[in-house]
file work12.cif (mmCIF, C-alpha atoms and all ligand atoms)
data_protein
loop_
_atom_site.label_atom_id
_atom_site.label_comp_id
_atom_site.auth_asym_id
_atom_site.auth_seq_id
_atom_site.Cartn_x
_atom_site.Cartn_y
_atom_site.Cartn_z
CA MET A 1338 0.00 0.00 0.00
CA ILE A 1339 1.21 3.48 -0.75
CA ALA A 1340 2.09 5.57 2.31
CA SER A 1341 3.40 9.05 3.04
CA LEU A 1342 6.71 9.58 4.79
CA HIS A 1343 4.89 11.26 7.68
CA GLU A 1344 2.80 8.13 8.35
CA VAL A 1345 5.64 5.61 8.39
CA LEU A 1346 8.01 7.81 10.41
CA LEU A 1347 5.38 8.46 13.07
CA VAL A 1348 4.88 4.71 13.55
CA ALA A 1349 8.65 4.15 13.57
CA LYS A 1350 9.18 6.84 16.22
CA HIS A 1351 6.63 5.26 18.54
CA SER A 1352 7.88 1.73 17.99
CA ASN A 1353 11.57 2.53 18.60
CA ARG A 1354 12.79 1.65 15.16
CA ALA A 1355 13.83 3.43 11.96
CA VAL A 1356 12.67 2.94 8.38
CA ALA A 1357 15.10 2.28 5.55
CA GLY A 1358 15.21 4.76 2.68
CA LEU A 1359 16.65 2.53 -0.03
CA VAL A 1360 18.33 4.12 -3.04
CA CYS A 1361 16.80 2.70 -6.23
CA LEU A 1362 18.46 2.69 -9.64
CA GLY A 1363 16.16 0.45 -11.65
CA TRP A 1364 13.18 -1.90 -11.77
CA GLU A 1365 15.00 -4.96 -10.41
CA ASP A 1366 16.29 -3.29 -7.26
CA MET A 1367 13.01 -1.51 -6.43
CA ARG A 1368 11.13 -4.79 -6.88
CA ALA A 1369 13.66 -6.62 -4.69
CA TYR A 1370 13.31 -4.01 -1.92
CA VAL A 1371 9.52 -4.25 -1.85
CA ARG A 1372 9.71 -8.05 -1.76
CA ALA A 1373 12.19 -7.85 1.14
CA ALA A 1374 9.88 -5.48 3.05
CA GLU A 1375 6.93 -7.84 2.53
CA ILE A 1376 8.89 -10.85 3.80
CA GLU A 1377 10.05 -8.89 6.86
CA ASN A 1378 6.58 -7.30 7.27
CA LEU A 1379 8.16 -3.84 7.57
CA PRO A 1380 7.55 -0.54 5.75
CA VAL A 1381 10.12 0.65 3.22
CA ILE A 1382 10.94 3.92 1.44
CA LEU A 1383 11.84 3.65 -2.26
CA GLN A 1384 14.04 6.60 -3.18
CA ALA A 1385 14.76 8.14 -6.57
CA GLY A 1386 17.88 10.28 -6.26
CA PRO A 1387 19.69 12.48 -8.78
CA SER A 1388 21.63 9.69 -10.56
CA CYS A 1389 18.48 7.56 -10.85
CA ARG A 1390 16.64 10.55 -12.38
CA ARG A 1391 19.44 11.21 -14.86
CA HIS A 1392 19.04 7.61 -16.07
CA THR A 1393 15.22 7.35 -16.07
CA PRO A 1394 12.74 10.26 -16.24
CA LEU A 1395 10.66 11.07 -13.15
CA THR A 1396 7.50 10.55 -15.20
CA VAL A 1397 8.55 6.91 -15.66
CA LEU A 1398 9.91 6.36 -12.13
CA GLY A 1399 6.76 7.66 -10.39
CA PRO A 1400 4.36 5.12 -11.97
CA MET A 1401 6.92 2.25 -11.63
CA MET A 1402 7.40 2.83 -7.92
CA ARG A 1403 3.73 3.58 -7.34
CA HIS A 1404 2.71 0.36 -9.04
CA LEU A 1405 4.96 -1.63 -6.68
CA ALA A 1406 3.69 0.34 -3.67
CA GLU A 1407 0.03 -0.19 -4.53
CA GLN A 1408 0.49 -3.96 -4.95
CA ALA A 1409 2.51 -4.35 -1.73
CA SER A 1410 1.16 -5.82 1.50
CA VAL A 1411 3.23 -3.36 3.59
CA PRO A 1412 3.43 0.48 3.56
CA VAL A 1413 5.72 1.73 0.79
CA VAL A 1414 6.74 5.38 0.46
CA VAL A 1415 7.60 6.66 -3.02
CA HIS A 1416 10.18 9.32 -2.25
CA LEU A 1417 12.13 11.90 -4.24
CA ASP A 1418 15.66 12.12 -2.79
CA HIS A 1419 17.65 15.40 -3.02
CA GLY A 1420 15.14 17.44 -5.05
CA GLU A 1421 17.22 20.39 -6.21
CA SER A 1422 14.40 22.85 -6.91
CA ILE A 1423 10.73 23.55 -6.25
CA GLU A 1424 10.12 22.64 -9.89
CA VAL A 1425 11.62 19.14 -9.51
CA CYS A 1426 9.51 18.60 -6.37
CA ARG A 1427 6.42 19.70 -8.31
CA GLN A 1428 7.28 17.28 -11.15
CA ALA A 1429 7.66 14.45 -8.62
CA ILE A 1430 4.27 15.25 -7.05
CA ASP A 1431 2.70 15.25 -10.54
CA ALA A 1432 4.40 11.90 -11.29
CA GLY A 1433 2.78 10.23 -8.24
CA PHE A 1434 5.48 10.45 -5.54
CA SER A 1435 4.07 10.37 -1.99
CA SER A 1436 7.03 12.19 -0.45
CA VAL A 1437 9.70 14.66 -1.58
CA MET A 1438 13.00 15.82 -0.19
CA TYR A 1439 13.89 19.39 -0.99
CA ASP A 1440 17.62 19.86 -0.45
CA GLY A 1441 18.38 23.47 0.38
CA SER A 1442 21.45 22.56 2.44
CA ARG A 1443 23.78 24.59 0.19
CA LEU A 1444 21.73 27.77 0.84
CA CYS A 1445 22.02 30.14 3.78
CA LEU A 1446 19.57 29.45 6.64
CA ALA A 1447 17.05 32.13 5.62
CA GLU A 1448 16.93 30.97 1.99
CA ASN A 1449 16.79 27.32 3.00
CA ILE A 1450 13.82 28.07 5.30
CA GLU A 1451 12.02 30.16 2.66
CA THR A 1452 12.38 27.65 -0.19
CA THR A 1453 11.72 24.56 1.94
CA HIS A 1454 8.61 26.23 3.34
CA SER A 1455 7.35 26.88 -0.21
CA VAL A 1456 7.80 23.17 -1.01
CA VAL A 1457 5.92 22.25 2.21
CA ASN A 1458 3.04 24.57 1.26
CA LEU A 1459 2.86 22.98 -2.19
CA ALA A 1460 3.21 19.35 -1.06
CA HIS A 1461 0.95 19.44 2.00
CA GLN A 1462 -1.99 20.55 -0.19
CA TYR A 1463 -1.84 17.05 -1.70
CA GLY A 1464 -1.05 15.15 1.52
CA ILE A 1465 2.55 14.67 0.37
CA SER A 1466 5.33 14.70 2.98
CA VAL A 1467 8.48 16.81 2.83
CA GLU A 1468 12.00 16.10 4.08
CA GLY A 1469 14.39 19.05 4.42
CA GLU A 1470 18.10 19.23 5.24
CA ILE A 1471 19.88 21.50 7.71
CA GLY A 1472 23.66 21.54 7.99
CA PHE A 1473 25.38 19.84 5.09
CA VAL A 1474 26.08 16.11 4.70
CA GLY A 1475 29.30 15.85 2.70
CA TYR A 1476 30.55 13.21 0.27
CA ALA A 1477 33.39 10.68 0.66
CA ALA A 1478 36.34 12.04 -1.38
CA GLY A 1479 34.21 15.10 -2.22
CA GLU A 1480 32.58 18.08 -0.52
CA MET A 1481 33.19 18.43 3.24
CA SER A 1482 30.33 18.25 5.75
CA ALA A 1483 29.06 21.16 7.84
CA MET A 1484 27.71 19.93 11.20
CA THR A 1485 24.08 20.76 11.98
CA ASP A 1486 23.69 23.56 14.53
CA PRO A 1487 20.96 22.42 16.96
CA VAL A 1488 19.46 25.92 17.41
CA GLU A 1489 19.27 26.41 13.62
CA ALA A 1490 17.73 22.94 13.29
CA ALA A 1491 14.95 23.86 15.73
CA THR A 1492 14.24 27.14 13.89
CA PHE A 1493 14.29 25.32 10.55
CA ALA A 1494 11.85 22.63 11.74
CA THR A 1495 9.41 25.12 13.28
CA GLU A 1496 9.38 27.64 10.45
CA THR A 1497 9.19 25.17 7.54
CA ARG A 1498 6.79 22.59 9.15
CA ILE A 1499 8.74 19.76 7.43
CA ASP A 1500 7.81 16.15 8.20
CA ALA A 1501 11.40 14.92 8.48
CA MET A 1502 14.76 16.63 8.91
CA ALA A 1503 18.04 15.37 7.46
CA VAL A 1504 20.91 16.30 9.76
CA SER A 1505 24.69 16.31 9.52
CA VAL A 1506 26.03 14.71 12.70
CA GLY A 1507 29.14 12.91 11.47
CA ASN A 1508 27.46 11.06 8.60
CA VAL A 1509 28.97 11.20 5.07
CA HIS A 1510 27.48 10.11 1.72
CA LEU A 1511 28.95 7.28 -0.43
CA GLN A 1512 31.05 5.56 2.23
CA VAL A 1513 32.16 2.04 1.40
CA ASP A 1514 33.18 1.15 4.96
CA THR A 1515 31.33 1.56 8.28
CA GLU A 1516 33.83 3.77 10.06
CA THR A 1517 31.51 6.73 10.63
CA THR A 1518 30.50 7.43 14.21
CA LEU A 1519 27.45 9.62 14.65
CA ASP A 1520 27.86 12.34 17.29
CA GLU A 1521 25.27 11.38 19.89
CA GLN A 1522 25.76 14.59 21.90
CA VAL A 1523 24.72 16.70 18.92
CA ILE A 1524 21.77 14.38 18.21
CA ASN A 1525 20.64 14.73 21.85
CA ARG A 1526 20.95 18.50 21.70
CA ILE A 1527 18.89 18.63 18.47
CA GLN A 1528 16.11 16.51 19.93
CA GLU A 1529 15.99 18.56 23.12
CA LEU A 1530 14.96 21.49 20.89
CA THR A 1531 12.71 19.82 18.30
CA ASP A 1532 10.72 16.59 18.04
CA THR A 1533 10.73 16.46 14.22
CA PRO A 1534 11.80 12.96 13.08
CA LEU A 1535 15.48 12.94 12.05
CA VAL A 1536 17.02 11.42 8.93
CA ILE A 1537 20.56 10.14 8.48
CA HIS A 1538 21.87 10.29 4.92
CA GLY A 1539 24.95 8.15 4.29
CA GLY A 1540 23.56 5.38 6.53
CA SER A 1541 25.79 2.79 4.83
CA GLY A 1542 28.80 4.28 6.63
CA VAL A 1543 27.26 3.88 10.12
CA SER A 1544 27.93 0.62 11.99
CA ARG A 1545 24.94 -1.66 12.43
CA THR A 1546 25.34 -1.47 16.21
CA GLN A 1547 25.00 2.32 16.28
CA ARG A 1548 22.23 2.28 13.65
CA ALA A 1549 20.11 -0.06 15.73
CA ARG A 1550 20.82 1.62 19.06
CA LEU A 1551 19.94 5.10 17.82
CA ALA A 1552 16.90 3.81 15.94
CA ALA A 1553 15.64 2.48 19.27
CA THR A 1554 16.66 5.35 21.54
CA SER A 1555 16.69 8.59 19.52
CA ASN A 1556 14.44 10.56 17.15
CA ILE A 1557 16.30 9.11 14.15
CA CYS A 1558 13.47 7.51 12.20
CA LYS A 1559 15.01 7.09 8.72
CA TYR A 1560 18.40 5.90 7.51
CA ASN A 1561 19.22 6.31 3.83
CA ILE A 1562 21.06 3.27 2.57
CA GLY A 1563 22.56 3.31 -0.92
CA THR A 1564 26.20 2.36 -1.12
CA GLU A 1565 25.88 -0.81 0.98
CA LEU A 1566 23.36 -2.31 -1.46
CA ARG A 1567 24.96 -0.90 -4.61
CA THR A 1568 28.33 -2.47 -3.81
CA PHE A 1569 26.54 -5.76 -3.11
CA PHE A 1570 24.71 -5.54 -6.47
CA GLY A 1571 27.97 -4.89 -8.32
CA SER A 1572 29.84 -7.79 -6.77
CA GLU A 1573 26.94 -10.25 -7.17
CA LEU A 1574 26.42 -9.25 -10.82
CA ARG A 1575 30.13 -9.79 -11.46
CA GLU A 1576 29.98 -13.22 -9.84
CA VAL A 1577 26.95 -14.29 -11.90
CA LEU A 1578 28.63 -13.20 -15.14
CA VAL A 1579 31.94 -14.88 -14.33
CA ASN A 1580 30.32 -18.16 -13.24
CA ALA A 1581 27.85 -18.36 -16.12
CA PRO A 1582 29.60 -17.05 -19.25
CA GLU A 1583 26.87 -18.58 -21.43
CA LEU A 1584 24.28 -16.09 -20.09
CA PHE A 1585 23.55 -13.15 -22.37
CA ASP A 1586 19.91 -12.30 -21.73
CA ARG A 1587 19.54 -9.27 -19.49
CA ILE A 1588 16.44 -10.63 -17.74
CA LYS A 1589 18.02 -14.04 -17.05
CA ILE A 1590 21.16 -12.39 -15.67
CA LEU A 1591 19.31 -9.93 -13.46
CA GLU A 1592 16.89 -12.59 -12.18
CA GLN A 1593 19.81 -14.24 -10.42
CA VAL A 1594 21.06 -10.99 -8.95
CA GLU A 1595 17.58 -9.85 -7.88
CA SER A 1596 16.98 -12.84 -5.61
CA ARG A 1597 20.30 -12.11 -3.85
CA MET A 1598 19.31 -8.44 -3.53
CA VAL A 1599 16.13 -9.49 -1.69
CA GLU A 1600 18.23 -11.22 0.97
CA ALA A 1601 20.65 -8.28 1.29
CA ALA A 1602 17.77 -5.82 1.63
CA ARG A 1603 16.11 -7.99 4.29
CA SER A 1604 19.28 -7.82 6.29
CA VAL A 1605 19.39 -4.00 5.97
CA LEU A 1606 15.74 -3.69 7.03
CA ARG A 1607 16.40 -5.86 10.08
CA SER A 1608 19.45 -3.72 11.01
CA LEU A 1609 17.28 -0.74 11.94
CA SER A 1610 15.90 -1.96 15.24
CA ASN A 1611 17.01 -3.84 18.33
CA ASP A 1612 14.39 -6.59 17.81
ZN ZN A 1701 21.66 12.20 0.70
#

call {"tool": "encode", "arguments": {"input": "work12.cif", "output": "C-alpha cells", "more": "lines below"}}
Ligand SMILES: [Zn+2]
result
Amino acid sequence: MIASLHEVLLVAKHSNRAVAGLVCLGWEDMRAYVRAAEIENLPVILQAGPSCRRHTPLTVLGPMMRHLAEQASVPVVVHLDHGESIEVCRQAIDAGFSSVMYDGSRLCLAENIETTHSVVNLAHQYGISVEGEIGFVGYAAGEMSAMTDPVEAATFATETRIDAMAVSVGNVHLQVDTETTLDEQVINRIQELTDTPLVIHGGSGVSRTQRARLAATSNICKYNIGTELRTFFGSELREVLVNAPELFDRIKILEQVESRMVEAARSVLRSLSND
C-alpha cells in the first residue's frame, strides 16, 4: 500500500525503530526491496535520487514505484531524494510520488527556510510529505560536511513545518566502509529542541550497532542506505557473469542478482531496530 513519509516515520518513532530509505536505480532493485519489506513485514521507502533521475525520467519512475507500492502488503513510500528545486519537487508530485525531499542545504539558513517552506506549502496541499536538510552532509572524497547547529535545526523545523529533517552529525554520503560514528551529543541536543523525526543520509557508513541503538533510543526515524546495497549488487552481478559465461539475456542475468538483492535488503531492514 502506498504511504506518506509522515505516516511511516510516526509509527517508527513510537515503535523505537527506523525505516530504511533505499536508493533505487532500476526496476529490479526496487522490486527486490519491496519483496524484502513484505517478507520482513516492515515498511520501506523507495528513493529516486539524482543519478536515478538522470538515467530514467521522473514521469517513468513515479508510476513504476507507485505500481509496486500499490500492490505491496506493507506500507511503501515513493520518495524523491535530493530534489534540487521547487520545480523538480512539483514534477515528482505530478508523477505520483508520496514524499519529496527538498535539499536546500547549500543555501544560507534564511533561503533554505524560505524555499523549503514553499515546497511544504505545495506538497501538503496534496497530503505529500516533505523532508528538508539542515547543515550539510558531505561526500566521501568530495565536498566536506558542515555539522548541523541544533538551534538552527529547531528554527528550521518550526518555520518550515517539514515532516522529516536530514541532519549532519558525522554522517557522510557514499562511504564504502562503516567507520563513521554519529555524534550522539549533537543528536541529543537537536532533539531537546525539536521533536521532528530525524534522517541520516549516508547510513551505509554507520555501523549496524550504532544504527540499531539510535533507531531504538533517539528521534532518528530514517536511515538512507545506498552504497551498501549498490556495492553488493555490483559484486553479485560480477559473480553471476563470471560463473555463467553462457548467459547473455539481461532478464536471465538480473533474475539471479535480484533474488540475492532481496536477501541483502532484508538484512538491511532488520538492522534498523534492536528486535
Ligand atoms: Zn543524501

call {"tool": "residues_near_ligand", "arguments": {"input": "work12.cif", "ligand": "ligand ZN 1701 (chain A)", "cutoff": "8 Å", "atoms": "all atoms listed in the file", "output": "VMD selection string"}}
result
chain A and resid 1418 to 1419 1474 1510 1538 to 1539 1561

call {"tool": "closest_residue", "arguments": {"input": "work12.cif", "among": "A:Val1605, A:Met1438, A:Ala1355, A:Ala1549", "to": "Ala1385 (chain A)", "atoms": "all atoms listed in the file"}}
result
A:Met1438

call {"tool": "closest_residue", "arguments": {"input": "work12.cif", "among": "A:Gln1593, A:Asn1611, A:Thr1533, A:Ser1466", "to": "Leu1551 (chain A)", "atoms": "all atoms listed in the file"}}
result
A:Asn1611

call {"tool": "axis_aligned_box", "arguments": {"input": "work12.cif", "around": "region 1384-1399 of chain A", "padding_each_side": "3 Å", "output": "JSON"}}
result
{"center_x": 14.2, "center_y": 9.4, "center_z": -9.7, "size_x": 20.9, "size_y": 12.1, "size_z": 19.1}

call {"tool": "closest_residue", "arguments": {"input": "work12.cif", "among": "A:Leu1359, A:Ile1537, A:Leu1346, A:Ile1562", "to": "Ile1382 (chain A)", "atoms": "only C-alpha atoms"}}
result
A:Leu1359

call {"tool": "residues_near_point", "arguments": {"input": "work12.cif", "point": "(21.9, 20.8, 13.2)", "cutoff": "9 Å", "atoms": "only C-alpha atoms", "output": "number ranges by chain"}}
result
A: 1470-1473, 1483-1491, 1503-1506, 1523-1524, 1526-1527

call {"tool": "closest_residue", "arguments": {"input": "work12.cif", "among": "A:Gly1363, A:Asn1525, A:Arg1354, A:Ala1409", "to": "Asn1378 (chain A)", "atoms": "only C-alpha atoms"}}
result
A:Ala1409

call {"tool": "atom_distance", "arguments": {"input": "work12.cif", "atom1": "CA of Gln1428 (chain A)", "atom2": "CA of Pro1400 (chain A)"}}
result
12.5 Å

call {"tool": "residues_around", "arguments": {"input": "work12.cif", "residues": "Ile1339 (chain A)", "least_positions_apart": "3", "cutoff": "7 Å", "atoms": "all atoms listed in the file", "output": "VMD selection string"}}
result
chain A and resid 1406 to 1407 1412 to 1414

call {"tool": "closest_residue", "arguments": {"input": "work12.cif", "among": "A:Asn1580, A:Asn1449, A:Ser1410, A:Gln1384", "to": "Glu1496 (chain A)", "atoms": "all atoms listed in the file"}}
result
A:Asn1449

call {"tool": "closest_residue", "arguments": {"input": "work12.cif", "among": "A:Glu1468, A:Glu1529, A:Glu1600, A:Asp1612", "to": "Tyr1370 (chain A)", "atoms": "all atoms listed in the file"}}
result
A:Glu1600

call {"tool": "residues_around", "arguments": {"input": "work12.cif", "residues": "Val1577 (chain A)", "least_positions_apart": "2", "cutoff": "12 Å", "atoms": "all atoms listed in the file", "output": "VMD selection string"}}
result
chain A and resid 1570 to 1575 1579 to 1585 1587 1589 to 1597

call {"tool": "write_last_selection", "arguments": {"input": "work12.cif", "atoms": "C-alpha atoms", "output": "CSV table (one decimal), in the coordinates of the input"}}
result
chain,number,residue,atom,x,y,z
A,1570,PHE,CA,24.7,-5.5,-6.5
A,1571,GLY,CA,28.0,-4.9,-8.3
A,1572,SER,CA,29.8,-7.8,-6.8
A,1573,GLU,CA,26.9,-10.2,-7.2
A,1574,LEU,CA,26.4,-9.2,-10.8
A,1575,ARG,CA,30.1,-9.8,-11.5
A,1579,VAL,CA,31.9,-14.9,-14.3
A,1580,ASN,CA,30.3,-18.2,-13.2
A,1581,ALA,CA,27.8,-18.4,-16.1
A,1582,PRO,CA,29.6,-17.0,-19.2
A,1583,GLU,CA,26.9,-18.6,-21.4
A,1584,LEU,CA,24.3,-16.1,-20.1
A,1585,PHE,CA,23.6,-13.2,-22.4
A,1587,ARG,CA,19.5,-9.3,-19.5
A,1589,LYS,CA,18.0,-14.0,-17.0
A,1590,ILE,CA,21.2,-12.4,-15.7
A,1591,LEU,CA,19.3,-9.9,-13.5
A,1592,GLU,CA,16.9,-12.6,-12.2
A,1593,GLN,CA,19.8,-14.2,-10.4
A,1594,VAL,CA,21.1,-11.0,-9.0
A,1595,GLU,CA,17.6,-9.8,-7.9
A,1596,SER,CA,17.0,-12.8,-5.6
A,1597,ARG,CA,20.3,-12.1,-3.8

call {"tool": "residues_around", "arguments": {"input": "work12.cif", "residues": "Cys1361 (chain A)", "least_positions_apart": "2", "cutoff": "12 Å", "atoms": "only C-alpha atoms", "output": "ChimeraX atom specification"}}
result
/A:1357-1359,1363-1371,1381-1390,1392-1393,1398-1399,1401-1402,1415-1418,1561-1564,1566-1567,1570,1598,1602

call {"tool": "atom_distance", "arguments": {"input": "work12.cif", "atom1": "CA of Ile1499 (chain A)", "atom2": "CA of Leu1347 (chain A)"}}
result
13.1 Å

call {"tool": "atom_distance", "arguments": {"input": "work12.cif", "atom1": "CA of Ile1423 (chain A)", "atom2": "CA of Gln1408 (chain A)"}}
result
29.4 Å
